[in-house]
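S.K.: I am sharing entry37.csv, which consists of CSV, C-alpha atoms (C1' of nucleotides) and all ligand atoms:
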chain,number,residue,atom,x,y,z
D,1,MET,CA,7.8,18.4,-35.0
D,2,ILE,CA,10.5,15.9,-35.8
D,3,ILE,CA,12.7,14.8,-32.9
D,4,ASN,CA,16.3,15.2,-34.1
D,5,ILE,CA,18.8,12.6,-32.8
D,6,ASN,CA,21.0,15.5,-31.8
D,7,MET,CA,18.3,17.2,-29.8
D,8,ASN,CA,19.3,16.8,-26.2
D,9,GLU,CA,17.0,16.1,-23.3
D,10,ARG,CA,16.6,19.7,-22.3
D,11,GLU,CA,15.5,20.6,-25.9
D,12,ILE,CA,13.1,17.7,-26.0
D,13,PHE,CA,11.5,18.8,-22.8
D,14,THR,CA,11.3,22.4,-23.8
D,15,SER,CA,9.6,21.6,-27.1
D,16,PHE,CA,7.3,19.1,-25.4
D,17,LEU,CA,6.2,21.9,-23.0
D,18,LYS,CA,5.7,24.4,-25.8
D,19,ARG,CA,3.7,21.9,-27.7
D,20,LYS,CA,1.4,21.6,-24.7
D,21,GLY,CA,1.1,25.3,-24.1
D,22,LEU,CA,3.2,25.0,-20.9
D,23,LYS,CA,6.2,27.1,-19.8
D,24,MET,CA,9.8,26.2,-19.2
D,25,THR,CA,10.5,27.5,-15.7
D,26,GLN,CA,13.4,27.7,-13.3
D,27,PRO,CA,12.0,24.9,-11.0
D,28,ARG,CA,11.3,22.6,-14.0
D,29,GLU,CA,14.8,23.2,-15.2
D,30,THR,CA,16.2,22.3,-11.8
D,31,VAL,CA,14.2,19.1,-11.5
D,32,LEU,CA,15.2,18.0,-15.0
D,33,GLN,CA,18.9,18.6,-14.3
D,34,ALA,CA,18.6,16.7,-11.0
D,35,PHE,CA,17.1,13.8,-12.8
D,36,LEU,CA,19.5,13.8,-15.7
D,37,ALA,CA,22.5,13.9,-13.3
D,38,HIS,CA,21.6,10.5,-11.8
D,39,GLU,CA,21.3,7.1,-13.5
D,40,GLY,CA,19.5,4.2,-11.9
D,41,HIS,CA,16.1,3.8,-10.4
D,42,LEU,CA,15.1,7.0,-8.6
D,43,THR,CA,12.2,7.7,-6.3
D,44,THR,CA,10.6,11.1,-6.2
D,45,GLU,CA,12.3,11.7,-2.9
D,46,ASP,CA,15.7,10.9,-4.4
D,47,ILE,CA,15.0,13.5,-7.1
D,48,LEU,CA,13.7,16.0,-4.6
D,49,HIS,CA,17.0,15.7,-2.7
D,50,ALA,CA,19.0,16.1,-5.8
D,51,SER,CA,16.9,19.1,-6.8
D,52,ARG,CA,17.5,20.8,-3.5
D,53,MET,CA,21.2,20.5,-4.0
D,54,ILE,CA,20.7,22.8,-6.9
D,55,ASP,CA,18.0,25.0,-5.5
D,56,ALA,CA,17.0,24.5,-1.8
D,57,SER,CA,13.6,26.1,-2.3
D,58,ILE,CA,12.2,23.4,-4.6
D,59,GLY,CA,8.9,22.0,-3.3
D,60,GLN,CA,7.9,18.4,-3.2
D,61,ALA,CA,4.8,18.9,-5.2
D,62,THR,CA,6.8,20.4,-8.0
D,63,VAL,CA,9.0,17.3,-8.3
D,64,PHE,CA,5.9,15.1,-8.5
D,65,ARG,CA,4.4,17.4,-11.1
D,66,THR,CA,7.5,17.8,-13.1
D,67,MET,CA,8.5,14.1,-13.2
D,68,LYS,CA,5.1,13.3,-14.5
D,69,LEU,CA,5.8,15.8,-17.4
D,70,ILE,CA,9.3,14.5,-18.0
D,71,ALA,CA,7.8,11.0,-18.3
D,72,GLU,CA,5.1,12.2,-20.6
D,73,ALA,CA,7.8,13.8,-22.7
D,74,GLY,CA,9.5,10.4,-23.1
D,75,LEU,CA,12.6,11.1,-21.0
D,76,ALA,CA,11.6,9.0,-18.0
D,77,ARG,CA,9.6,5.9,-17.4
D,78,ASP,CA,8.4,3.8,-14.5
D,79,ALA,CA,11.1,1.3,-13.5
D,80,CYS,CA,9.6,-1.3,-11.0
D,81,GLN,CA,6.2,-2.3,-10.0
D,82,ASP,CA,6.9,-3.6,-6.5
D,83,ASP,CA,5.3,-2.0,-3.5
D,84,GLY,CA,6.6,1.3,-2.1
D,85,PRO,CA,7.1,4.6,-3.9
D,86,ARG,CA,7.2,4.9,-7.7
D,87,LYS,CA,10.7,4.6,-9.2
D,88,TYR,CA,11.7,6.5,-12.4
D,89,GLU,CA,14.5,5.5,-14.8
D,90,HIS,CA,15.9,7.2,-17.8
D,91,ALA,CA,14.2,6.6,-21.1
D,92,TYR,CA,16.2,8.8,-23.4
D,93,LEU,CA,18.7,6.6,-25.3
D,94,HIS,CA,18.0,3.9,-22.8
D,95,SER,CA,16.4,0.9,-24.5
D,96,HIS,CA,13.6,-1.1,-23.1
D,97,HIS,CA,14.5,-3.8,-20.6
D,98,ASP,CA,12.8,-5.8,-17.9
D,99,HIS,CA,14.0,-6.4,-14.3
D,100,LEU,CA,15.2,-9.4,-12.3
D,101,HIS,CA,14.8,-8.6,-8.7
D,102,CYS,CA,16.4,-10.4,-5.7
D,103,ILE,CA,14.0,-10.3,-2.8
D,104,GLY,CA,16.8,-11.3,-0.5
D,105,CYS,CA,19.2,-8.3,-0.9
D,106,GLY,CA,17.1,-6.0,-3.2
D,107,LYS,CA,19.6,-6.2,-6.1
D,108,VAL,CA,18.0,-5.5,-9.5
D,109,ILE,CA,19.4,-6.8,-12.8
D,110,GLU,CA,18.3,-5.4,-16.1
D,111,PHE,CA,17.9,-7.8,-19.0
D,112,PHE,CA,16.4,-7.9,-22.4
D,113,ASP,CA,15.1,-11.1,-24.0
D,114,PRO,CA,14.0,-10.9,-27.7
D,115,ASP,CA,12.2,-14.2,-27.4
D,116,ILE,CA,10.1,-13.0,-24.6
D,117,GLU,CA,9.3,-9.7,-26.4
D,118,GLN,CA,8.4,-11.6,-29.5
D,119,ALA,CA,6.2,-14.0,-27.6
D,120,GLN,CA,4.4,-11.1,-26.0
D,121,GLU,CA,3.7,-9.6,-29.4
D,122,ALA,CA,2.2,-12.9,-30.4
D,123,ILE,CA,-0.1,-12.8,-27.4
D,124,PHE,CA,-1.3,-9.4,-28.4
D,125,LYS,CA,-2.0,-10.5,-31.9
D,126,GLN,CA,-3.7,-13.7,-30.8
D,127,TYR,CA,-6.3,-11.7,-28.8
D,128,GLY,CA,-6.7,-9.0,-31.4
D,129,PHE,CA,-5.1,-6.4,-29.2
D,130,THR,CA,-3.1,-3.3,-30.2
D,131,ALA,CA,0.1,-3.5,-28.1
D,132,ILE,CA,0.9,-0.5,-25.9
D,133,GLY,CA,3.4,-2.0,-23.5
D,134,HIS,CA,4.1,-4.4,-20.8
D,135,ARG,CA,5.4,-4.7,-17.2
D,136,MET,CA,7.4,-7.8,-16.3
D,137,GLU,CA,9.5,-8.3,-13.2
D,138,LEU,CA,11.1,-11.7,-12.3
D,139,GLN,CA,11.5,-12.3,-8.6
D,140,GLY,CA,14.0,-14.7,-7.1
D,141,LEU,CA,17.1,-15.1,-5.0
D,142,CYS,CA,20.5,-14.2,-6.4
D,143,ALA,CA,23.3,-16.7,-6.1
D,144,GLU,CA,24.6,-15.2,-2.9
D,145,CYS,CA,21.3,-15.0,-1.2
D,146,SER,CA,20.5,-18.6,-2.2
D,147,ALA,CA,23.7,-19.8,-0.7
D,148,GLN,CA,23.1,-17.9,2.5
D,149,GLN,CA,19.6,-19.4,2.8
D,150,ASP,CA,20.9,-22.9,2.3
D,151,LYS,CA,23.4,-22.4,5.1
D,152,THR,CA,20.6,-21.2,7.4
D,153,ARG,CA,18.6,-24.3,6.5
D,154,THR,CA,21.3,-26.9,7.2
D,155,GLN,CA,22.3,-25.3,10.5
D,156,PRO,CA,19.1,-24.7,12.4
W,1,MET,CA,1.2,-32.3,6.8
W,2,ILE,CA,0.3,-33.6,3.4
W,3,ILE,CA,-2.2,-31.5,1.5
W,4,ASN,CA,-4.8,-34.0,0.2
W,5,ILE,CA,-6.4,-33.2,-3.1
W,6,ASN,CA,-9.8,-33.7,-1.4
W,7,MET,CA,-9.1,-31.2,1.3
W,8,ASN,CA,-11.3,-28.3,0.6
W,9,GLU,CA,-10.4,-24.6,1.0
W,10,ARG,CA,-11.8,-24.4,4.4
W,11,GLU,CA,-9.8,-27.3,5.7
W,12,ILE,CA,-6.7,-26.0,4.1
W,13,PHE,CA,-7.2,-22.6,5.8
W,14,THR,CA,-8.0,-24.2,9.1
W,15,SER,CA,-4.9,-26.4,9.1
W,16,PHE,CA,-2.8,-23.5,8.0
W,17,LEU,CA,-4.0,-21.5,10.9
W,18,LYS,CA,-3.4,-24.3,13.4
W,19,ARG,CA,0.1,-24.8,12.0
W,20,LYS,CA,0.8,-21.1,12.8
W,21,GLY,CA,-0.8,-21.2,16.2
W,22,LEU,CA,-3.7,-19.1,15.1
W,23,LYS,CA,-7.4,-19.6,15.7
W,24,MET,CA,-10.2,-20.3,13.3
W,25,THR,CA,-12.8,-17.7,14.2
W,26,GLN,CA,-16.3,-16.6,13.1
W,27,PRO,CA,-15.1,-13.5,11.3
W,28,ARG,CA,-12.3,-15.4,9.5
W,29,GLU,CA,-14.9,-18.0,8.5
W,30,THR,CA,-17.1,-15.2,7.1
W,31,VAL,CA,-14.4,-13.6,5.1
W,32,LEU,CA,-13.3,-16.9,3.7
W,33,GLN,CA,-16.8,-17.8,2.6
W,34,ALA,CA,-17.3,-14.4,1.1
W,35,PHE,CA,-14.1,-14.7,-0.9
W,36,LEU,CA,-14.8,-18.3,-2.0
W,37,ALA,CA,-18.3,-17.3,-3.2
W,38,HIS,CA,-16.9,-14.9,-5.9
W,39,GLU,CA,-14.6,-15.7,-8.8
W,40,GLY,CA,-12.6,-13.0,-10.6
W,41,HIS,CA,-10.4,-10.2,-9.4
W,42,LEU,CA,-11.7,-8.8,-6.1
W,43,THR,CA,-10.6,-5.8,-4.1
W,44,THR,CA,-10.6,-5.8,-0.4
W,45,GLU,CA,-13.7,-3.6,-0.5
W,46,ASP,CA,-15.5,-6.1,-2.7
W,47,ILE,CA,-14.7,-8.8,-0.1
W,48,LEU,CA,-15.8,-6.5,2.7
W,49,HIS,CA,-19.2,-6.0,1.0
W,50,ALA,CA,-19.6,-9.7,0.4
W,51,SER,CA,-18.6,-10.4,4.0
W,52,ARG,CA,-21.1,-8.0,5.4
W,53,MET,CA,-23.9,-9.7,3.4
W,54,ILE,CA,-23.1,-12.7,5.7
W,55,ASP,CA,-22.4,-10.8,8.8
W,56,ALA,CA,-22.9,-7.0,8.9
W,57,SER,CA,-20.6,-6.5,11.8
W,58,ILE,CA,-17.4,-7.5,10.0
W,59,GLY,CA,-14.7,-4.8,10.3
W,60,GLN,CA,-12.6,-3.6,7.4
W,61,ALA,CA,-9.3,-4.3,9.2
W,62,THR,CA,-10.4,-7.9,9.6
W,63,VAL,CA,-10.8,-8.3,5.9
W,64,PHE,CA,-7.4,-6.9,5.2
W,65,ARG,CA,-5.9,-9.1,7.9
W,66,THR,CA,-7.8,-12.3,6.9
W,67,MET,CA,-7.1,-11.9,3.2
W,68,LYS,CA,-3.4,-11.7,3.9
W,69,LEU,CA,-3.7,-15.0,5.8
W,70,ILE,CA,-5.8,-16.6,3.0
W,71,ALA,CA,-3.1,-15.6,0.5
W,72,GLU,CA,-0.4,-16.9,2.8
W,73,ALA,CA,-2.3,-20.2,3.0
W,74,GLY,CA,-2.1,-20.4,-0.8
W,75,LEU,CA,-5.8,-19.9,-1.4
W,76,ALA,CA,-5.5,-16.4,-2.9
W,77,ARG,CA,-2.9,-14.4,-4.8
W,78,ASP,CA,-2.4,-10.9,-6.1
W,79,ALA,CA,-4.0,-10.5,-9.5
W,80,CYS,CA,-3.0,-7.2,-11.1
W,81,GLN,CA,-0.2,-4.8,-10.5
W,82,ASP,CA,-1.7,-1.7,-11.9
W,83,ASP,CA,-2.5,1.3,-9.7
W,84,GLY,CA,-5.4,1.4,-7.3
W,85,PRO,CA,-6.3,-1.1,-4.6
W,86,ARG,CA,-4.8,-4.6,-4.5
W,87,LYS,CA,-6.9,-7.2,-6.3
W,88,TYR,CA,-7.1,-10.9,-5.1
W,89,GLU,CA,-7.9,-13.9,-7.3
W,90,HIS,CA,-8.4,-17.5,-6.4
W,91,ALA,CA,-5.3,-19.6,-6.3
W,92,TYR,CA,-6.8,-23.0,-5.2
W,93,LEU,CA,-7.1,-25.2,-8.2
W,94,HIS,CA,-6.6,-22.1,-10.4
W,95,SER,CA,-3.4,-22.5,-12.3
W,96,HIS,CA,-0.9,-19.7,-12.9
W,97,HIS,CA,-1.6,-17.3,-15.7
W,98,ASP,CA,-0.7,-13.8,-16.7
W,99,HIS,CA,-3.0,-10.9,-17.7
W,100,LEU,CA,-3.7,-9.0,-20.8
W,101,HIS,CA,-5.3,-5.7,-19.9
W,102,CYS,CA,-7.2,-3.3,-22.2
W,103,ILE,CA,-6.5,0.2,-21.0
W,104,GLY,CA,-9.5,1.4,-23.0
W,105,CYS,CA,-12.3,-0.5,-21.4
W,106,GLY,CA,-10.6,-2.2,-18.5
W,107,LYS,CA,-11.2,-5.7,-19.8
W,108,VAL,CA,-8.8,-8.3,-18.5
W,109,ILE,CA,-7.9,-11.5,-20.4
W,110,GLU,CA,-6.1,-14.3,-18.7
W,111,PHE,CA,-3.6,-16.3,-20.6
W,112,PHE,CA,-0.8,-18.8,-20.2
W,113,ASP,CA,2.1,-19.1,-22.6
W,114,PRO,CA,4.5,-22.0,-21.9
W,115,ASP,CA,7.1,-20.4,-24.1
W,116,ILE,CA,7.2,-17.2,-22.0
W,117,GLU,CA,7.3,-19.2,-18.8
W,118,GLN,CA,10.2,-21.3,-20.1
W,119,ALA,CA,12.1,-18.2,-21.3
W,120,GLN,CA,11.7,-16.7,-17.9
W,121,GLU,CA,13.2,-19.8,-16.3
W,122,ALA,CA,16.1,-19.5,-18.7
W,123,ILE,CA,16.7,-15.9,-17.5
W,124,PHE,CA,16.7,-17.0,-13.8
W,125,LYS,CA,19.3,-19.7,-14.7
W,126,GLN,CA,21.4,-17.4,-16.8
W,127,TYR,CA,21.9,-15.0,-13.8
W,128,GLY,CA,22.3,-17.7,-11.2
W,129,PHE,CA,19.0,-16.9,-9.5
W,130,THR,CA,16.6,-19.2,-7.7
W,131,ALA,CA,13.2,-18.5,-9.2
W,132,ILE,CA,10.4,-17.4,-6.8
W,133,GLY,CA,7.9,-15.9,-9.2
W,134,HIS,CA,7.1,-13.2,-11.7
W,135,ARG,CA,4.6,-10.5,-12.4
W,136,MET,CA,3.7,-9.9,-16.0
W,137,GLU,CA,0.9,-7.8,-17.4
W,138,LEU,CA,0.5,-6.9,-21.1
W,139,GLN,CA,-1.2,-3.6,-21.8
W,140,GLY,CA,-2.9,-2.7,-25.0
W,141,LEU,CA,-6.2,-1.9,-26.6
W,142,CYS,CA,-8.7,-4.6,-27.4
W,143,ALA,CA,-10.2,-5.0,-30.9
W,144,GLU,CA,-13.3,-2.9,-30.0
W,145,CYS,CA,-11.3,-0.1,-28.3
W,146,SER,CA,-8.8,0.0,-31.2
W,147,ALA,CA,-11.6,0.3,-33.8
W,148,GLN,CA,-13.3,3.0,-31.7
W,149,GLN,CA,-10.1,5.0,-31.5
W,150,ASP,CA,-9.5,4.7,-35.2
W,151,LYS,CA,-13.0,6.2,-35.8
W,152,THR,CA,-12.3,9.1,-33.5
W,153,ARG,CA,-9.1,9.8,-35.4
W,154,THR,CA,-10.6,9.8,-38.9
W,155,GLN,CA,-13.6,12.0,-37.8
W,156,PRO,CA,-12.1,14.9,-35.8
J,1,DA,C1',9.4,48.5,-21.4
J,2,DA,C1',5.1,48.2,-19.3
J,3,DT,C1',0.9,45.6,-19.3
J,4,DT,C1',-1.9,41.7,-19.5
J,5,DT,C1',-3.0,36.9,-19.3
J,6,DA,C1',-2.5,32.6,-17.9
J,7,DA,C1',0.5,29.1,-16.1
J,8,DT,C1',3.3,27.9,-12.0
J,9,DT,C1',4.9,27.6,-7.4
J,10,DG,C1',5.3,26.0,-2.6
J,11,DA,C1',2.8,25.3,1.5
J,12,DT,C1',-0.7,22.9,3.1
J,13,DA,C1',-4.8,20.2,3.2
J,14,DA,C1',-7.0,16.2,1.4
J,15,DT,C1',-7.2,11.6,-0.3
J,16,DG,C1',-7.0,6.6,-0.6
J,17,DA,C1',-5.1,2.3,0.7
J,18,DT,C1',-3.1,0.0,4.1
J,19,DT,C1',-1.2,-0.8,8.8
J,20,DA,C1',-0.7,0.1,13.8
J,21,DT,C1',-2.8,0.6,18.3
J,22,DC,C1',-5.7,-0.8,21.9
J,23,DA,C1',-9.4,-2.1,25.1
J,24,DA,C1',-13.0,-5.4,24.9
J,25,DT,C1',-14.1,-10.1,23.4
J,26,DA,C1',-13.7,-14.8,21.7
J,27,DT,C1',-11.1,-19.2,21.3
J,28,DC,C1',-9.3,-23.4,22.8
J,29,DA,C1',-6.1,-26.5,25.4
J,30,DA,C1',-6.0,-28.2,29.8
Z,1,DT,C1',-14.7,-24.0,33.5
Z,2,DT,C1',-10.8,-21.6,33.4
Z,3,DG,C1',-7.1,-18.9,32.0
Z,4,DA,C1',-3.6,-17.7,28.7
Z,5,DT,C1',-3.5,-15.9,24.4
Z,6,DA,C1',-5.2,-14.6,20.0
Z,7,DT,C1',-8.7,-11.7,17.8
Z,8,DT,C1',-11.8,-8.1,16.9
Z,9,DG,C1',-13.7,-3.6,15.4
Z,10,DA,C1',-13.1,1.2,16.0
Z,11,DT,C1',-10.0,4.5,15.4
Z,12,DA,C1',-5.7,6.8,14.7
Z,13,DA,C1',-1.6,6.8,12.1
Z,14,DT,C1',1.2,6.3,7.9
Z,15,DC,C1',2.7,6.7,3.3
Z,16,DA,C1',2.6,8.2,-1.4
Z,17,DT,C1',0.3,11.0,-4.1
Z,18,DT,C1',-3.1,14.8,-5.6
Z,19,DA,C1',-5.9,18.8,-4.9
Z,20,DT,C1',-6.4,23.6,-3.4
Z,21,DC,C1',-5.1,28.2,-3.4
Z,22,DA,C1',-3.0,32.8,-2.9
Z,23,DA,C1',1.3,34.7,-4.4
Z,24,DT,C1',4.6,34.7,-8.1
Z,25,DT,C1',6.5,34.2,-12.6
Z,26,DA,C1',6.8,33.5,-17.6
Z,27,DA,C1',5.5,34.8,-22.1
Z,28,DA,C1',2.5,37.3,-25.3
Z,29,DT,C1',0.8,41.9,-26.4
Z,30,DT,C1',0.7,46.4,-26.3
D,201,MN,MN,15.8,-0.4,-15.2
D,202,MN,MN,-6.4,-13.6,-13.1
D,203,ZN,ZN,20.3,-11.2,-3.3
D,204,ZN,ZN,-11.1,-2.5,-24.6
Will you turn the file into structure tokens for me?
M.R.:
Amino acid sequence: MIININMNEREIFTSFLKRKGLKMTQPRETVLQAFLAHEGHLTTEDILHASRMIDASIGQATVFRTMKLIAEAGLARDACQDDGPRKYEHAYLHSHHDHLHCIGCGKVIEFFDPDIEQAQEAIFKQYGFTAIGHRMELQGLCAECSAQQDKTRTQP
Amino acid sequence: MIININMNEREIFTSFLKRKGLKMTQPRETVLQAFLAHEGHLTTEDILHASRMIDASIGQATVFRTMKLIAEAGLARDACQDDGPRKYEHAYLHSHHDHLHCIGCGKVIEFFDPDIEQAQEAIFKQYGFTAIGHRMELQGLCAECSAQQDKTRTQP
DNA sequence: AATTTAATTGATAATGATTATCAATATCAA
DNA sequence: TTGATATTGATAATCATTATCAATTAAATT
């Protein structure tokens, strides 16, 4: 099975299901459309709400189950690794990136640094590992939150 | 309060507690000793077991609470970010490092790469962030697990 | 088209890690 | 020693996720 560049997400998901002996169903269709309709970092609850806009009878368990399949099909991936519920982001035609997270206001900046990626590859090689992936999240204070904190400090 | 290089972990913890208006107690002493007695990546359950070797009456909640304080005092930090229970590692006189994780056998290798650390600093600066920290975990297959997987593939 | 087979669904219970609650107890400054 | 206050362990509660299961639905086969 060759994945054609013109194959859209729905076709990718359908053929993924068929390959695994699973069925394309109405609820799975609904969850997929709900996910595809929103960019960004989405919790399962976000996707449940979006799904129920389309079909109010969708169950929570179905969203958990379907999102796991959508990720396995390569259309979604885990976004952050901080505490709290898992967050999915789009993976189809969305290239790999890491996250810079402001712990003051919660803002998340996506970035890609080829030097870091290359250095990571070098680490894998150095220890004789076959690379599978990595998780990296930088945590800090954005410019605004830094300034605000300075103010608080100088006026106690 | 200047932290003397000769101040041992117990003294650091005691003065941390005093500074926060908290008390050094028998159970906290026990949990600290249990943690200090074991290197590596320890779950709260590991530390509970070790604590109960010293004092069988230690409660689970006390371990959760005390480990949080020990981490806040700078003696412990979170080790991994994979699923499952939180893992603590020693932070006192244990320099920062990242983790290379074999998802085949679970092996964890600790490494430190100044180039990656520097590149991370550059990212913070580029986006105007004040750096606080980062979490990075590389995931792959170690040499043994890679070899084993190749065997399975060529002999179906 | 009807039948058969197996996968799927949503509701609900269960799980696992962590946190909150609370009455009884321990600590420590005065 | 006392007394205010922090702490404890047991237990309940929470939160995200998974497991269970009877009813339903999708596809393969007649
Ligand atoms: Mn992202
Ligand atoms: Mn470590
Ligand atoms: Zn911010
Ligand atoms: Zn391995």
S.K.: For DT9 in chain J, list every protein, DNA or RNA residue within 9 Å, evaluated using only C-alpha atoms (C1' of nucleotides), and leave out those in the same chain fewer than 6 positions away; present the list as a list in words.
M.R.: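 Residues meeting the cut-off are Pro27, Ile58, Gly59, Ala61 and Thr62 of chain D; DA23, DT24 and DT25 of chain Z.
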S.K.: Tell me, as an MDAnalysis selection string, which residues lie within 10 Å of range 88-93 of chain D, counting only C-alpha atoms (C1' of nucleotides); anything in the same chain fewer than 5 positions away does not count.
M.R.: chainID D and resid 5 8:9 12 35:36 38:44 46:47 67:68 70:71 73:80
S.K.: Hey, which of W:Pro85, W:Ser15, W:Cys102, W:Ser57 ends up closest to chain Z? Count only C-alpha atoms (C1' of nucleotides).
M.R.: W:Ser57
S.K.: So that I can check the surroundings of Gly21 in chain D, please list as a PyMOL selection string every protein, DNA and RNA residue that reaches within 12 Å of it, counting only C-alpha atoms (C1' of nucleotides) and ignoring chain neighbours fewer than 3 positions away.
M.R.: (chain D and resi 14-18+24) or (chain J and resi 6-7) or (chain Z and resi 26-27)
S.K.: With chain W laid on chain D by least squares, using all C-alpha atoms in order, how large is the RMSD?
M.R.: 0.1 Å
S.K.: Which distance in Å separates C1' of DA30 in chain J and C1' of DT5 in chain Z, to one decimal?
M.R.: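 C1' of DT5 in chain Z lies at a distance of 13.7 Å from C1' of DA30 in chain J.
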S.K.: Write out as a compact mmCIF listing (two decimals) with C-alpha atoms (C1' of nucleotides), keeping the file's coordinate frame every residue belonging to chain J that has an atom at most 9 Å from any atom of chain W, counting all atoms listed in the file.
M.R.:
# COMPACT_ATOMS: atom_id res chain seq x y z
C1' DG J 16 -7.00 6.60 -0.60
C1' DA J 17 -5.10 2.30 0.70
C1' DT J 18 -3.10 0.00 4.10
C1' DT J 19 -1.20 -0.80 8.80
C1' DA J 26 -13.70 -14.80 21.70
C1' DT J 27 -11.10 -19.20 21.30
C1' DC J 28 -9.30 -23.40 22.80
S.K.: Near chain W, meaning an atom within 12 Å, which residues of chain Z appear when counting only C-alpha atoms (C1' of nucleotides)? Write them as a PyMOL selection string.
M.R.: chain Z and resi 5-11+16-17
S.K.: My list of candidates is W:Val63, W:Ala147, W:Ala131, W:Leu100. Which is closest to chain D when distances are computed with only C-alpha atoms?
M.R.: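 That would be W:Ala131, the residue with the smallest distance to chain D.
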S.K.: Residues within 7 Å of ligand ZN 204 (chain D), counting all atoms listed in the file: report them as a list in words.
M.R.: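 The distance check yields Cys102, Ile103, Gly104, Cys105, Gly106, Lys107, Leu141, Cys142, Ala143, Glu144 and Cys145 of chain W.
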S.K.: Can you build me a table of chain D residues sitting at most 12 Å from chain W, with the closest atom pair per residue and its distance in Å to one decimal, using only C-alpha atoms, sorted by chain and residue number, as a Markdown table?
M.R.:
| residue | atom | partner | partner_atom | distance |
| --- | --- | --- | --- | --- |
| D:Asp78 | CA | W:Asp82 | CA | 11.8 |
| D:Cys80 | CA | W:Gln81 | CA | 10.4 |
| D:Gln81 | CA | W:Gln81 | CA | 6.9 |
| D:Asp82 | CA | W:Gln81 | CA | 8.2 |
| D:Asp83 | CA | W:Gln81 | CA | 9.3 |
| D:Gly84 | CA | W:Asp83 | CA | 11.9 |
| D:Pro85 | CA | W:Asp83 | CA | 11.7 |
| D:Arg86 | CA | W:Asp83 | CA | 10.5 |
| D:Asp98 | CA | W:Met136 | CA | 10.2 |
| D:His99 | CA | W:His134 | CA | 10.0 |
| D:Leu100 | CA | W:Phe124 | CA | 7.9 |
| D:His101 | CA | W:Phe129 | CA | 9.3 |
| D:Cys102 | CA | W:Phe129 | CA | 8.0 |
| D:Ile103 | CA | W:Ile132 | CA | 8.9 |
| D:Gly104 | CA | W:Thr130 | CA | 10.7 |
| D:Lys107 | CA | W:Phe129 | CA | 11.2 |
| D:Val108 | CA | W:Tyr127 | CA | 11.1 |
| D:Ile109 | CA | W:Tyr127 | CA | 8.6 |
| D:Glu110 | CA | W:Tyr127 | CA | 10.5 |
| D:Phe111 | CA | W:Ile123 | CA | 8.3 |
| D:Phe112 | CA | W:Ile123 | CA | 9.4 |
| D:Asp113 | CA | W:Ala119 | CA | 8.2 |
| D:Pro114 | CA | W:Ala119 | CA | 9.9 |
| D:Asp115 | CA | W:Ala119 | CA | 7.3 |
| D:Ile116 | CA | W:Ile116 | CA | 5.7 |
| D:Glu117 | CA | W:Ile116 | CA | 8.9 |
| D:Gln118 | CA | W:Ile116 | CA | 9.4 |
| D:Ala119 | CA | W:Ile116 | CA | 6.5 |
| D:Gln120 | CA | W:Leu138 | CA | 7.5 |
| D:Glu121 | CA | W:Leu138 | CA | 9.3 |
| D:Ala122 | CA | W:Asp113 | CA | 10.0 |
| D:Ile123 | CA | W:Asp113 | CA | 8.2 |
| D:Phe124 | CA | W:Gly140 | CA | 7.7 |
| D:Lys125 | CA | W:Ala143 | CA | 9.9 |
| D:Gln126 | CA | W:Phe111 | CA | 10.5 |
| D:Tyr127 | CA | W:Cys142 | CA | 7.6 |
| D:Gly128 | CA | W:Ala143 | CA | 5.3 |
| D:Phe129 | CA | W:Cys142 | CA | 4.4 |
| D:Thr130 | CA | W:Leu141 | CA | 5.0 |
| D:Ala131 | CA | W:Gly140 | CA | 4.4 |
| D:Ile132 | CA | W:Gly140 | CA | 4.5 |
| D:Gly133 | CA | W:Gln139 | CA | 5.2 |
| D:His134 | CA | W:Leu138 | CA | 4.4 |
| D:Arg135 | CA | W:Glu137 | CA | 5.5 |
| D:Met136 | CA | W:Met136 | CA | 4.3 |
| D:Glu137 | CA | W:Arg135 | CA | 5.4 |
| D:Leu138 | CA | W:His134 | CA | 4.3 |
| D:Gln139 | CA | W:Gly133 | CA | 5.1 |
| D:Gly140 | CA | W:Ala131 | CA | 4.4 |
| D:Leu141 | CA | W:Thr130 | CA | 4.9 |
| D:Cys142 | CA | W:Phe129 | CA | 4.4 |
| D:Ala143 | CA | W:Gly128 | CA | 5.3 |
| D:Glu144 | CA | W:Phe129 | CA | 8.8 |
| D:Cys145 | CA | W:Phe129 | CA | 8.8 |
| D:Ser146 | CA | W:Thr130 | CA | 6.8 |
| D:Ala147 | CA | W:Thr130 | CA | 10.0 |
| D:Gln149 | CA | W:Thr130 | CA | 10.9 |
| D:Asp150 | CA | W:Thr130 | CA | 11.5 |
S.K.: What is the distance between CA of Glu29 in chain W and C1' of DT2 in chain Z, in Å to one decimal?
M.R.: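 That distance, rounded to one decimal, is 25.5 Å.
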S.K.: Between CA of Ser51 in chain D and CA of Phe13 in chain D, what is the distance, to one decimal in Å?
M.R.: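 Calculated distance between CA of Ser51 in chain D and CA of Phe13 in chain D is 16.9 Å.
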